[in-house]
Each structure stands twice: as structure tokens, then as C-alpha cells.
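Enquirer: A single structure is presented below for examination.
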Amino acid sequence: MEYLDLFVKEEDSLLLNTVRKFVEKEIFPVRQLIDDDKDHVIVTEILQKMVDLGLFRALIPPEFGGDGMPSPFSRLLLRTELARGDMGINLSWAVTEWALRPAIMANNKAIMDTYAPWFTGDKLHLACFSITEPHSGCDVENVDHFHGRSVRVKAKLDGDEWVISGQKSLASNSGVADLYCVLCQTDPELEEEGLVFLYVPKDAKGLSFGKFENKAGVQGDRNCDVYFDDVRVPKEHCAADPGEGGKLLRVQLVAGRMASAANAVGNAMAVFEHVLKYTGERIVGGKPIREHSIAAGMLADMAIGIETAKAFMLQCAYMGTKPEIYGAPYSPQDLSRASMAKVYATDMDIMVANKDMEHIGSYGYFRDYNIEKYWRDNKIVQLWLGGAQLGRLDAVRGYYKLD
Ligand SMILES: Cc1cc2nc3c(=O)[nH]c(=O)nc-3n(C[C@H](O)[C@H](O)[C@H](O)COP(=O)(O)OP(=O)(O)OC[C@H]3O[C@@H](n4cnc5c(N)ncnc54)[C@H](O)[C@@H]3O)c2cc1C
């Protein structure tokens, strides 16, 4: 495995190699069992080992007791490595960072001093970033059209406390997370300026959960409805000043879509490694599958897709580090690039997994062959965070104004 030294520093390269070995030792041998791990015994064991390895501490900056966050490039490549092992496990870990980001970016000491120790300690804690609502999936993320009016979960300030009411749905780690970062609207008239991100601990009075969704894949992740019945949290548990919520939502969408690109690249890398080996061993028409030119052409398309998606993802991450040249993190240009990275990588991943199934034939369809899980797990990465269509709308919004 090579990392581009253009993007990855030596110490991050060490971390990435450690994670690759971790995936091969701890995740590969059990990934086939995760679909049937209904009580998350295996999943929790792996996540706890990730705590032991320092992967959760690595999400927290040193000023809040963590080991300091790896660079944006290495954060993406860490997701790629973990998704190569298992998409659901990666999701559980990566979403924890996504949920903590608003407080970290706002340098919110009240939130971080209270909750960071959960994530820097020895015991597993998860966080959930909850923006989706039952009647508002993509519409919540379609900020350029709805400007925050589509968010129905309400928050109002009552003295020194926020009071939250309404329902969220589908978010990763919901029902199992210890901490929830929840997007709320304080006043629809204020549109984006009325949006706030509030942090709610799992044991808050008035917080309750529906049953876990029964999904086609990513069983390492949990999703359910979350109900807020006049849940109260301290005033300081608002990530940033009211008025900044719209910007923060855009920044989070950029981060989520970039992370989705990384997930897709990792999934496709695993599939490609597998298919290279299989097509080198399985004999058809008198020679290994990959010796047939029609198969070699398919393998070339897969390799081209993976390498270009990875390179474009890293290019976008690089451009994100130069806001003075390429646009602020909440600019339409940044969201456009992240959306292109996600759309391209997820379409590519689906193409790669489909071609892989074609190479392997009927055996690829069997659970024993360790491939159909990648083929099932990857579809949701295309569907979440705006899906394939809103992702495309946001991509062109970097080029012209489109309502
Ligand atoms: C495993 C999993 C993990 C998830 N994790 C999280 C999480 O961590 N946090 C969270 O908040 N949510 C999460 N979600 C929810 C997910 O992000 C939403 O489901 C997603 O945004 C799409 O919403 P929807 O399914 O309601 O689709 P809808 O909003 O109903 O959209 C349906 C289709 O319409 C298209 N579409 C949308 N808008 C337009 C438009 N303006 N023009 C044309 N087409 C359009 C979409 O692309 C999509 O194809 C998760 C979901 C799953 C299944």
C-alpha cells in the first residue's frame, strides 16, 4: 500500500498502516458474521478494540484531552481503510467524529469539557449526528432551496435551557449513542439563521427511541427514530452561536459527503483486491478469467474508477485546506466539490461491486464468498446524505445559481 507523500505525513502513514493491519487481523476474520450479530456482540468487541488502539482518542484535539486529529487527508484515508474492512463498523466510528465536529470547530469548551472525556477514555462511547427527519430527508440537506425551513424539530430557549421537541430518524448510531448532536430550528422565519446544533446526552429526560431499522446491509451500524418530548439541555450545549447554524450545516454536509467518498473508495478497494485474486485463480475457457481480454478490460475500468475517485477525493480535501483560494468551507464551491467526490465515488463503487459479481458468477452471490456483503453495504452510501440526485444538484450549484 502506498500513500501519496504529497498528502500524508510520516506519522499519519504509520497510523494508516496500523489500521490496515488491525482491519486484517480483527475485522476480516469476522466480517461475514456481522449480518447475524443481532445483539452487536462482535461489533461492540471490535469497536472497543478500536478504542484500545486509540482511534477514538485520535478524533479529539489535544486541548480537549485527545491525541490530536490526523490531517484531513489522513482522516479520509482512515475511513477508507476501515470501510475496506467493514462499512458499518467504519460508520459507527466515523459518525462519532462527525457528531463532535460542530463543538470542536466552534471550540465550545462547555460541551467539550463535559463530553470529550467520554471519547478520550478507555471505555467505548459513541455519538450520533442527527439531522434527518421522517418528512424531511434530502430536504433538510437542500439548504440552498429550503434555507432551514424544512427542519421541523423545534428548540426554544427557556431561561438557561433549550427545550427540544419533535422527531428525528435514521441517523447512524441512534439508539446506541451516548451523545446526540441534533439539528433544530428555533424560528422558521429566521430560516438558516434560526438553525442550532444542540448536544443531548442519552439519559436526558424526555428522550426516547424507536425500534432499530431492518436494513439490507451495514448491520454494524444502528438506526432508529429518536423522539424529543420537551427535552431540556443547558443553554451552553448549543454548538455555535445562533445565527451560525446554517453555515455549520453546510460545513457538516461537506464533511459528510467527503467521508462518504472515502467509504466508497475503501469498499471498492476491498472488492478489487478480492476480484484480482479470484480472477487469477479461477479457470474458464482454459485459462484464468483475468487472462481473457474482455475480463481485463473490466478490471481496467474498476482500477481506473478507484484511482480517479481516490485522487479526486484527496484533491478536494487539499482545496478545502486553502479557503482563501478555493472558497470557504460553507461556500457553494466547497459543497459542490464534496458532492462531486461523493457522487463519483459512490457510482464508481457500485459499478466495481457489480462488475465483481459478474466476474465471480454465482459464487459471488453466496454469503460464504465474502463479496455480496460489499455489494449490499455500498448502496446506502449513494443513497444517504442527499442521495444521487441532490448530490448532483449541489454539484452544479458550484457553477451557477440553481434554486
Ligand atoms: C444506514 C443509514 C445511515 C444514515 N446515517 C445518517 C446520519 O448519520 N445522520 C442523519 O441525519 N441521517 C442519516 N441517514 C439518513 C439519510 O441521510 C437520508 O435517508 C437521506 O438524506 C435521504 O433522505 P430520504 O431517504 O428521506 O430520501 P428523500 O429525501 O425522500 O429523497 C428521495 C430521492 O429524491 C431525490 N431528491 C431529493 N431532493 C431532490 C430534488 N430537489 N430534486 C430531485 N431529486 C431530489 C434524492 O436524491 C433521492 O434519490 C442514514 C440513513 C441510513 C439508511
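Every chain in the C-alpha cells takes a letter, A first, then B, and so on in the order presented; its residues are numbered from 1, and the ligands are numbered from 1 following the presented order.
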Residues of chain A that approach ligand 1 to 9 Å or less, counting only C-alpha atoms and all ligand atoms: could you list each one with the shortest pair of atoms and its distance in Å to one decimal, rows by chain and increasing residue number, as JSON lines?

Expert:
```
{"residue": "A:Gly88", "atom": "CA", "partner": "ligand 1", "partner_atom_place_in_ligand_line": "1 (C)", "distance": 8.0}
{"residue": "A:Leu91", "atom": "CA", "partner": "ligand 1", "partner_atom_place_in_ligand_line": "3 (C)", "distance": 8.0}
{"residue": "A:Ser92", "atom": "CA", "partner": "ligand 1", "partner_atom_place_in_ligand_line": "8 (O)", "distance": 8.8}
{"residue": "A:Val95", "atom": "CA", "partner": "ligand 1", "partner_atom_place_in_ligand_line": "8 (O)", "distance": 6.1}
{"residue": "A:Trp98", "atom": "CA", "partner": "ligand 1", "partner_atom_place_in_ligand_line": "8 (O)", "distance": 8.3}
{"residue": "A:Ala99", "atom": "CA", "partner": "ligand 1", "partner_atom_place_in_ligand_line": "8 (O)", "distance": 8.4}
{"residue": "A:Cys128", "atom": "CA", "partner": "ligand 1", "partner_atom_place_in_ligand_line": "8 (O)", "distance": 6.4}
{"residue": "A:Phe129", "atom": "CA", "partner": "ligand 1", "partner_atom_place_in_ligand_line": "9 (N)", "distance": 5.1}
{"residue": "A:Ser130", "atom": "CA", "partner": "ligand 1", "partner_atom_place_in_ligand_line": "11 (O)", "distance": 3.9}
{"residue": "A:Ile131", "atom": "CA", "partner": "ligand 1", "partner_atom_place_in_ligand_line": "11 (O)", "distance": 3.6}
{"residue": "A:Thr132", "atom": "CA", "partner": "ligand 1", "partner_atom_place_in_ligand_line": "11 (O)", "distance": 3.9}
{"residue": "A:Glu133", "atom": "CA", "partner": "ligand 1", "partner_atom_place_in_ligand_line": "11 (O)", "distance": 7.4}
{"residue": "A:Pro134", "atom": "CA", "partner": "ligand 1", "partner_atom_place_in_ligand_line": "26 (O)", "distance": 6.7}
{"residue": "A:His135", "atom": "CA", "partner": "ligand 1", "partner_atom_place_in_ligand_line": "26 (O)", "distance": 6.8}
{"residue": "A:Ser136", "atom": "CA", "partner": "ligand 1", "partner_atom_place_in_ligand_line": "26 (O)", "distance": 5.9}
{"residue": "A:Gly137", "atom": "CA", "partner": "ligand 1", "partner_atom_place_in_ligand_line": "23 (O)", "distance": 3.3}
{"residue": "A:Cys138", "atom": "CA", "partner": "ligand 1", "partner_atom_place_in_ligand_line": "29 (O)", "distance": 3.6}
{"residue": "A:Asp139", "atom": "CA", "partner": "ligand 1", "partner_atom_place_in_ligand_line": "29 (O)", "distance": 5.7}
{"residue": "A:Val140", "atom": "CA", "partner": "ligand 1", "partner_atom_place_in_ligand_line": "21 (O)", "distance": 7.7}
{"residue": "A:Glu141", "atom": "CA", "partner": "ligand 1", "partner_atom_place_in_ligand_line": "21 (O)", "distance": 7.0}
{"residue": "A:Asn142", "atom": "CA", "partner": "ligand 1", "partner_atom_place_in_ligand_line": "41 (N)", "distance": 6.9}
{"residue": "A:His145", "atom": "CA", "partner": "ligand 1", "partner_atom_place_in_ligand_line": "41 (N)", "distance": 7.9}
{"residue": "A:Lys168", "atom": "CA", "partner": "ligand 1", "partner_atom_place_in_ligand_line": "11 (O)", "distance": 7.6}
{"residue": "A:Ser169", "atom": "CA", "partner": "ligand 1", "partner_atom_place_in_ligand_line": "12 (N)", "distance": 6.9}
{"residue": "A:Leu170", "atom": "CA", "partner": "ligand 1", "partner_atom_place_in_ligand_line": "14 (N)", "distance": 4.7}
{"residue": "A:Ala171", "atom": "CA", "partner": "ligand 1", "partner_atom_place_in_ligand_line": "7 (C)", "distance": 3.4}
{"residue": "A:Ser172", "atom": "CA", "partner": "ligand 1", "partner_atom_place_in_ligand_line": "8 (O)", "distance": 3.9}
{"residue": "A:Asn173", "atom": "CA", "partner": "ligand 1", "partner_atom_place_in_ligand_line": "8 (O)", "distance": 7.1}
{"residue": "A:Ser174", "atom": "CA", "partner": "ligand 1", "partner_atom_place_in_ligand_line": "8 (O)", "distance": 8.1}
{"residue": "A:Val182", "atom": "CA", "partner": "ligand 1", "partner_atom_place_in_ligand_line": "11 (O)", "distance": 8.4}
{"residue": "A:Leu183", "atom": "CA", "partner": "ligand 1", "partner_atom_place_in_ligand_line": "11 (O)", "distance": 8.5}
{"residue": "A:Glu213", "atom": "CA", "partner": "ligand 1", "partner_atom_place_in_ligand_line": "53 (C)", "distance": 8.4}
{"residue": "A:Lys215", "atom": "CA", "partner": "ligand 1", "partner_atom_place_in_ligand_line": "53 (C)", "distance": 7.4}
{"residue": "A:Gly217", "atom": "CA", "partner": "ligand 1", "partner_atom_place_in_ligand_line": "1 (C)", "distance": 7.8}
{"residue": "A:Val218", "atom": "CA", "partner": "ligand 1", "partner_atom_place_in_ligand_line": "1 (C)", "distance": 6.3}
{"residue": "A:Gln219", "atom": "CA", "partner": "ligand 1", "partner_atom_place_in_ligand_line": "1 (C)", "distance": 8.3}
{"residue": "A:Asp221", "atom": "CA", "partner": "ligand 1", "partner_atom_place_in_ligand_line": "1 (C)", "distance": 6.7}
{"residue": "A:Arg222", "atom": "CA", "partner": "ligand 1", "partner_atom_place_in_ligand_line": "1 (C)", "distance": 7.4}
{"residue": "A:Asn223", "atom": "CA", "partner": "ligand 1", "partner_atom_place_in_ligand_line": "2 (C)", "distance": 6.5}
{"residue": "A:Gly256", "atom": "CA", "partner": "ligand 1", "partner_atom_place_in_ligand_line": "8 (O)", "distance": 8.7}
{"residue": "A:Asp377", "atom": "CA", "partner": "ligand 1", "partner_atom_place_in_ligand_line": "1 (C)", "distance": 8.9}
{"residue": "A:Ile380", "atom": "CA", "partner": "ligand 1", "partner_atom_place_in_ligand_line": "53 (C)", "distance": 6.0}
{"residue": "A:Val381", "atom": "CA", "partner": "ligand 1", "partner_atom_place_in_ligand_line": "1 (C)", "distance": 7.8}
{"residue": "A:Gln382", "atom": "CA", "partner": "ligand 1", "partner_atom_place_in_ligand_line": "47 (O)", "distance": 8.9}
{"residue": "A:Leu383", "atom": "CA", "partner": "ligand 1", "partner_atom_place_in_ligand_line": "22 (C)", "distance": 6.1}
{"residue": "A:Trp384", "atom": "CA", "partner": "ligand 1", "partner_atom_place_in_ligand_line": "17 (O)", "distance": 3.8}
{"residue": "A:Leu385", "atom": "CA", "partner": "ligand 1", "partner_atom_place_in_ligand_line": "17 (O)", "distance": 4.0}
{"residue": "A:Gly386", "atom": "CA", "partner": "ligand 1", "partner_atom_place_in_ligand_line": "21 (O)", "distance": 4.5}
{"residue": "A:Gly387", "atom": "CA", "partner": "ligand 1", "partner_atom_place_in_ligand_line": "47 (O)", "distance": 3.7}
{"residue": "A:Ala388", "atom": "CA", "partner": "ligand 1", "partner_atom_place_in_ligand_line": "47 (O)", "distance": 4.7}
{"residue": "A:Gln389", "atom": "CA", "partner": "ligand 1", "partner_atom_place_in_ligand_line": "47 (O)", "distance": 3.6}
{"residue": "A:Leu390", "atom": "CA", "partner": "ligand 1", "partner_atom_place_in_ligand_line": "47 (O)", "distance": 4.6}
{"residue": "A:Gly391", "atom": "CA", "partner": "ligand 1", "partner_atom_place_in_ligand_line": "47 (O)", "distance": 6.8}
{"residue": "A:Arg392", "atom": "CA", "partner": "ligand 1", "partner_atom_place_in_ligand_line": "47 (O)", "distance": 8.3}
{"residue": "A:Leu393", "atom": "CA", "partner": "ligand 1", "partner_atom_place_in_ligand_line": "42 (N)", "distance": 7.2}
{"residue": "A:Asp403", "atom": "CA", "partner": "ligand 1", "partner_atom_place_in_ligand_line": "41 (N)", "distance": 8.7}
```

Enquirer: Neighbouring residues of segment 74-80 of chain A were defined as those with any atom within 8 Å, considering only C-alpha atoms; residues of the same chain fewer than 2 positions away were excluded. Please report them as a count of residues only.

Expert: 23

Enquirer: Env of Thr186 of chain A: 9 Å cut, atoms = only C-alpha atoms, seq-sep filter 6 positions within chain, self excluded. Answer as a list in words.

Expert: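 Everything that qualifies: Val153, Lys154, Ala155, Lys156, Leu157, Glu193, Gly194, Leu195, Val196 and Pro242 of chain A.
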
Enquirer: Skipping near chain neighbours, those fewer than 5 positions away, what residues fall within 8 Å of Arg149 of chain A using only C-alpha atoms, listed as a ChimeraX atom specification?

Expert: /A:185,188-189,191-192

Enquirer: Any chance you could export the current selection's all heavy atoms as an mmCIF file, in the first residue's frame?

Expert:
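Dumped everything to part_22.cif:
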```cif
data_model
loop_
_atom_site.group_PDB
_atom_site.id
_atom_site.type_symbol
_atom_site.label_atom_id
_atom_site.label_comp_id
_atom_site.auth_asym_id
_atom_site.auth_seq_id
_atom_site.Cartn_x
_atom_site.Cartn_y
_atom_site.Cartn_z
ATOM 1 N N GLN A 185 -34.607 23.773 14.647
ATOM 2 C CA GLN A 185 -34.973 25.110 14.165
ATOM 3 C C GLN A 185 -35.568 25.896 15.344
ATOM 4 O O GLN A 185 -36.447 25.401 16.044
ATOM 5 C CB GLN A 185 -35.996 24.978 13.020
ATOM 6 C CG GLN A 185 -36.496 26.268 12.410
ATOM 7 C CD GLN A 185 -35.414 27.207 11.885
ATOM 8 O OE1 GLN A 185 -34.909 28.037 12.648
ATOM 9 N NE2 GLN A 185 -35.056 27.082 10.615
ATOM 10 N N PRO A 188 -38.690 29.269 12.198
ATOM 11 C CA PRO A 188 -38.631 29.105 10.738
ATOM 12 C C PRO A 188 -38.509 30.435 9.996
ATOM 13 O O PRO A 188 -37.942 30.496 8.911
ATOM 14 C CB PRO A 188 -39.943 28.401 10.395
ATOM 15 C CG PRO A 188 -40.434 27.818 11.670
ATOM 16 C CD PRO A 188 -39.871 28.632 12.788
ATOM 17 N N GLU A 189 -39.037 31.504 10.605
ATOM 18 C CA GLU A 189 -38.943 32.832 9.963
ATOM 19 C C GLU A 189 -37.487 33.267 9.794
ATOM 20 O O GLU A 189 -37.147 34.026 8.895
ATOM 21 C CB GLU A 189 -39.644 33.898 10.828
ATOM 22 C CG GLU A 189 -41.114 33.642 11.052
ATOM 23 C CD GLU A 189 -41.948 34.220 9.927
ATOM 24 O OE1 GLU A 189 -41.925 35.440 9.770
ATOM 25 O OE2 GLU A 189 -42.584 33.422 9.202
ATOM 26 N N GLU A 191 -35.138 31.339 9.063
ATOM 27 C CA GLU A 191 -34.535 30.446 8.064
ATOM 28 C C GLU A 191 -33.204 29.890 8.569
ATOM 29 O O GLU A 191 -33.130 29.405 9.690
ATOM 30 C CB GLU A 191 -34.402 31.177 6.723
ATOM 31 C CG GLU A 191 -35.762 31.647 6.206
ATOM 32 C CD GLU A 191 -35.742 32.073 4.769
ATOM 33 O OE1 GLU A 191 -34.720 32.589 4.300
ATOM 34 O OE2 GLU A 191 -36.767 31.878 4.097
ATOM 35 N N GLU A 192 -32.135 29.987 7.755
ATOM 36 C CA GLU A 192 -30.853 29.372 8.160
ATOM 37 C C GLU A 192 -30.342 29.930 9.484
ATOM 38 O O GLU A 192 -29.669 29.241 10.247
ATOM 39 C CB GLU A 192 -29.786 29.615 7.088
ATOM 40 C CG GLU A 192 -29.986 28.777 5.860
ATOM 41 C CD GLU A 192 -28.887 28.985 4.840
ATOM 42 O OE1 GLU A 192 -27.709 29.005 5.229
ATOM 43 O OE2 GLU A 192 -29.216 29.115 3.647
#
```

Enquirer: Work out how far apart atom CA of Ala311 of chain A and atom CA of Tyr278 of chain A are and give it in Å to one decimal.

Expert: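 Interatomic distance, atom CA of Ala311 of chain A to atom CA of Tyr278 of chain A: 26.0 Å.
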
Enquirer: Which polymer residues have any atom within 10 Å of an atom of Lys38 of chain A, counting only C-alpha atoms, with same-chain residues fewer than 5 positions away left out, as a list in words?

Expert: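 Answer for this query is Leu33, Val43, Gln219 and Gly220 of chain A.
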
Enquirer: Just asking: which residues within segment 139-270 of chain A are helix (DSSP H, G or I) according to DSSP, as a ChimeraX atom specification?

Expert: /A:139-141,143-146,188-194,235-237,245-270

Enquirer: If you take only C-alpha atoms and a cut-off of 7 Å, which residues of segment 170-268 of chain A touch segment 104-111 of chain A, and what are their nearest atom pairs and distances in Å to one decimal, in chain and number order, as a tab-separated table?

Expert:
```
residue	atom	partner	partner_atom	distance
A:Glu236	CA	A:Ala110	CA	6.2
A:His237	CA	A:Ile111	CA	5.8
A:Ala239	CA	A:Ala106	CA	6.4
A:Ala240	CA	A:Ala106	CA	5.7
```

Enquirer: Could you save the residues just selected, with N, CA and C atoms, as a PDB file, in the first residue's frame?

Expert:
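Result file out-v5.pdb:
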```
ATOM      1  N   GLU A 236     -25.640  26.350  27.216  1.00  0.00           N
ATOM      2  CA  GLU A 236     -24.273  26.244  26.669  1.00  0.00           C
ATOM      3  C   GLU A 236     -24.113  25.035  25.746  1.00  0.00           C
ATOM      4  N   HIS A 237     -25.111  24.148  25.711  1.00  0.00           N
ATOM      5  CA  HIS A 237     -24.967  22.951  24.878  1.00  0.00           C
ATOM      6  C   HIS A 237     -25.319  23.193  23.411  1.00  0.00           C
ATOM      7  N   ALA A 239     -23.872  24.226  19.886  1.00  0.00           N
ATOM      8  CA  ALA A 239     -22.503  24.155  19.349  1.00  0.00           C
ATOM      9  C   ALA A 239     -21.921  25.524  19.036  1.00  0.00           C
ATOM     10  N   ALA A 240     -22.700  26.356  18.363  1.00  0.00           N
ATOM     11  CA  ALA A 240     -22.176  27.676  17.990  1.00  0.00           C
ATOM     12  C   ALA A 240     -23.260  28.702  18.267  1.00  0.00           C
TER      13      ALA A 240
END
```

Enquirer: List every residue of segment 109-321 of chain A that DSSP, applied to the backbone of this structure, places in strand (DSSP E), and write the result as number ranges by chain.

Expert: A: 127-130, 154-158, 161-168, 179-185, 195-201, 207-209, 226-234, 283-284, 287-288

Enquirer: Expressed in Å to a single decimal, how great is the separation between atom CA of Leu15 of chain A and atom CA of His125 of chain A?

Expert: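 Interatomic distance, atom CA of Leu15 of chain A to atom CA of His125 of chain A: 21.2 Å.
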
Enquirer: Do a neighbour search on Gly305 of chain A at 9 Å with only C-alpha atoms, toss out local chain neighbours closer than 2 positions, and write the hits as a ChimeraX atom specification.

Expert: /A:268,300-303,307-310,344-345,348-349,351-352

Enquirer: Looking at only C-alpha atoms, which of A:Arg367, A:Lys247, A:Arg57, A:Lys205 is the one that sits closest to Ala328 of chain A?

Expert: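 Of the candidates, the smallest distance to Ala328 of chain A is held by A:Lys247.
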
Enquirer: Env of Ala338 of chain A: 10 Å cut, atoms = only C-alpha atoms, seq-sep filter 3 positions within chain, self excluded. Answer as a compact mmCIF listing (two decimals) with C-alpha atoms, in the first residue's frame.

Expert:
```txt
# COMPACT_ATOMS: atom_id res chain seq x y z
CA LEU A 253 -22.59 18.35 4.68
CA VAL A 254 -19.19 18.89 3.08
CA ALA A 255 -17.54 16.70 5.74
CA GLY A 256 -20.21 14.00 5.43
CA ARG A 257 -20.04 13.85 1.65
CA MET A 258 -16.23 13.74 1.66
CA ALA A 259 -16.37 10.92 4.22
CA SER A 260 -18.89 9.13 2.01
CA ALA A 261 -16.42 9.30 -0.89
CA PHE A 312 -10.24 13.47 -6.76
CA MET A 313 -11.23 12.98 -3.11
CA CYS A 316 -10.95 18.17 -2.87
CA ALA A 317 -9.52 17.74 0.63
CA GLY A 320 -10.56 22.53 1.40
CA PRO A 332 -21.26 26.53 -2.76
CA GLN A 333 -17.89 25.66 -4.32
CA ASP A 334 -16.83 23.52 -1.37
CA LEU A 335 -20.19 21.71 -1.22
CA ALA A 341 -16.48 13.45 -4.88
CA LYS A 342 -19.37 11.56 -3.25
CA VAL A 343 -21.45 11.10 -6.40
CA TYR A 344 -18.46 9.94 -8.43
CA GLY A 391 -25.76 15.38 -4.77
CA ASP A 394 -25.33 20.56 -5.29
CA ALA A 395 -22.52 19.68 -7.70
```

Enquirer: Ranking A:Leu314, A:Met298, A:Val275, A:Met87 by minimum distance to Gly364 of chain A and counting only C-alpha atoms, which one comes first?

Expert: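 Residue with the minimum atom-to-atom distance to Gly364 of chain A: A:Val275.
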
Enquirer: Could you jot down the atom CA of Ala353 of chain A to atom CA of Met319 of chain A separation for me, Å, one decimal place?

Expert: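 Those two atoms sit 29.2 Å apart.
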
Enquirer: For each of A:Tyr363, A:Tyr180, A:Phe146, A:Tyr227, take the minimum atom-to-atom distance to Ser165 of chain A, counting only C-alpha atoms, then give the residue where this is smallest.

Expert: A:Tyr227

Enquirer: Measuring between only C-alpha atoms, which one of A:Lys287, A:Trp118, A:Glu24, A:Met269 shows the shortest distance to Ile304 of chain A?

Expert: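 Under the stated criterion, the closest residue is A:Met269.
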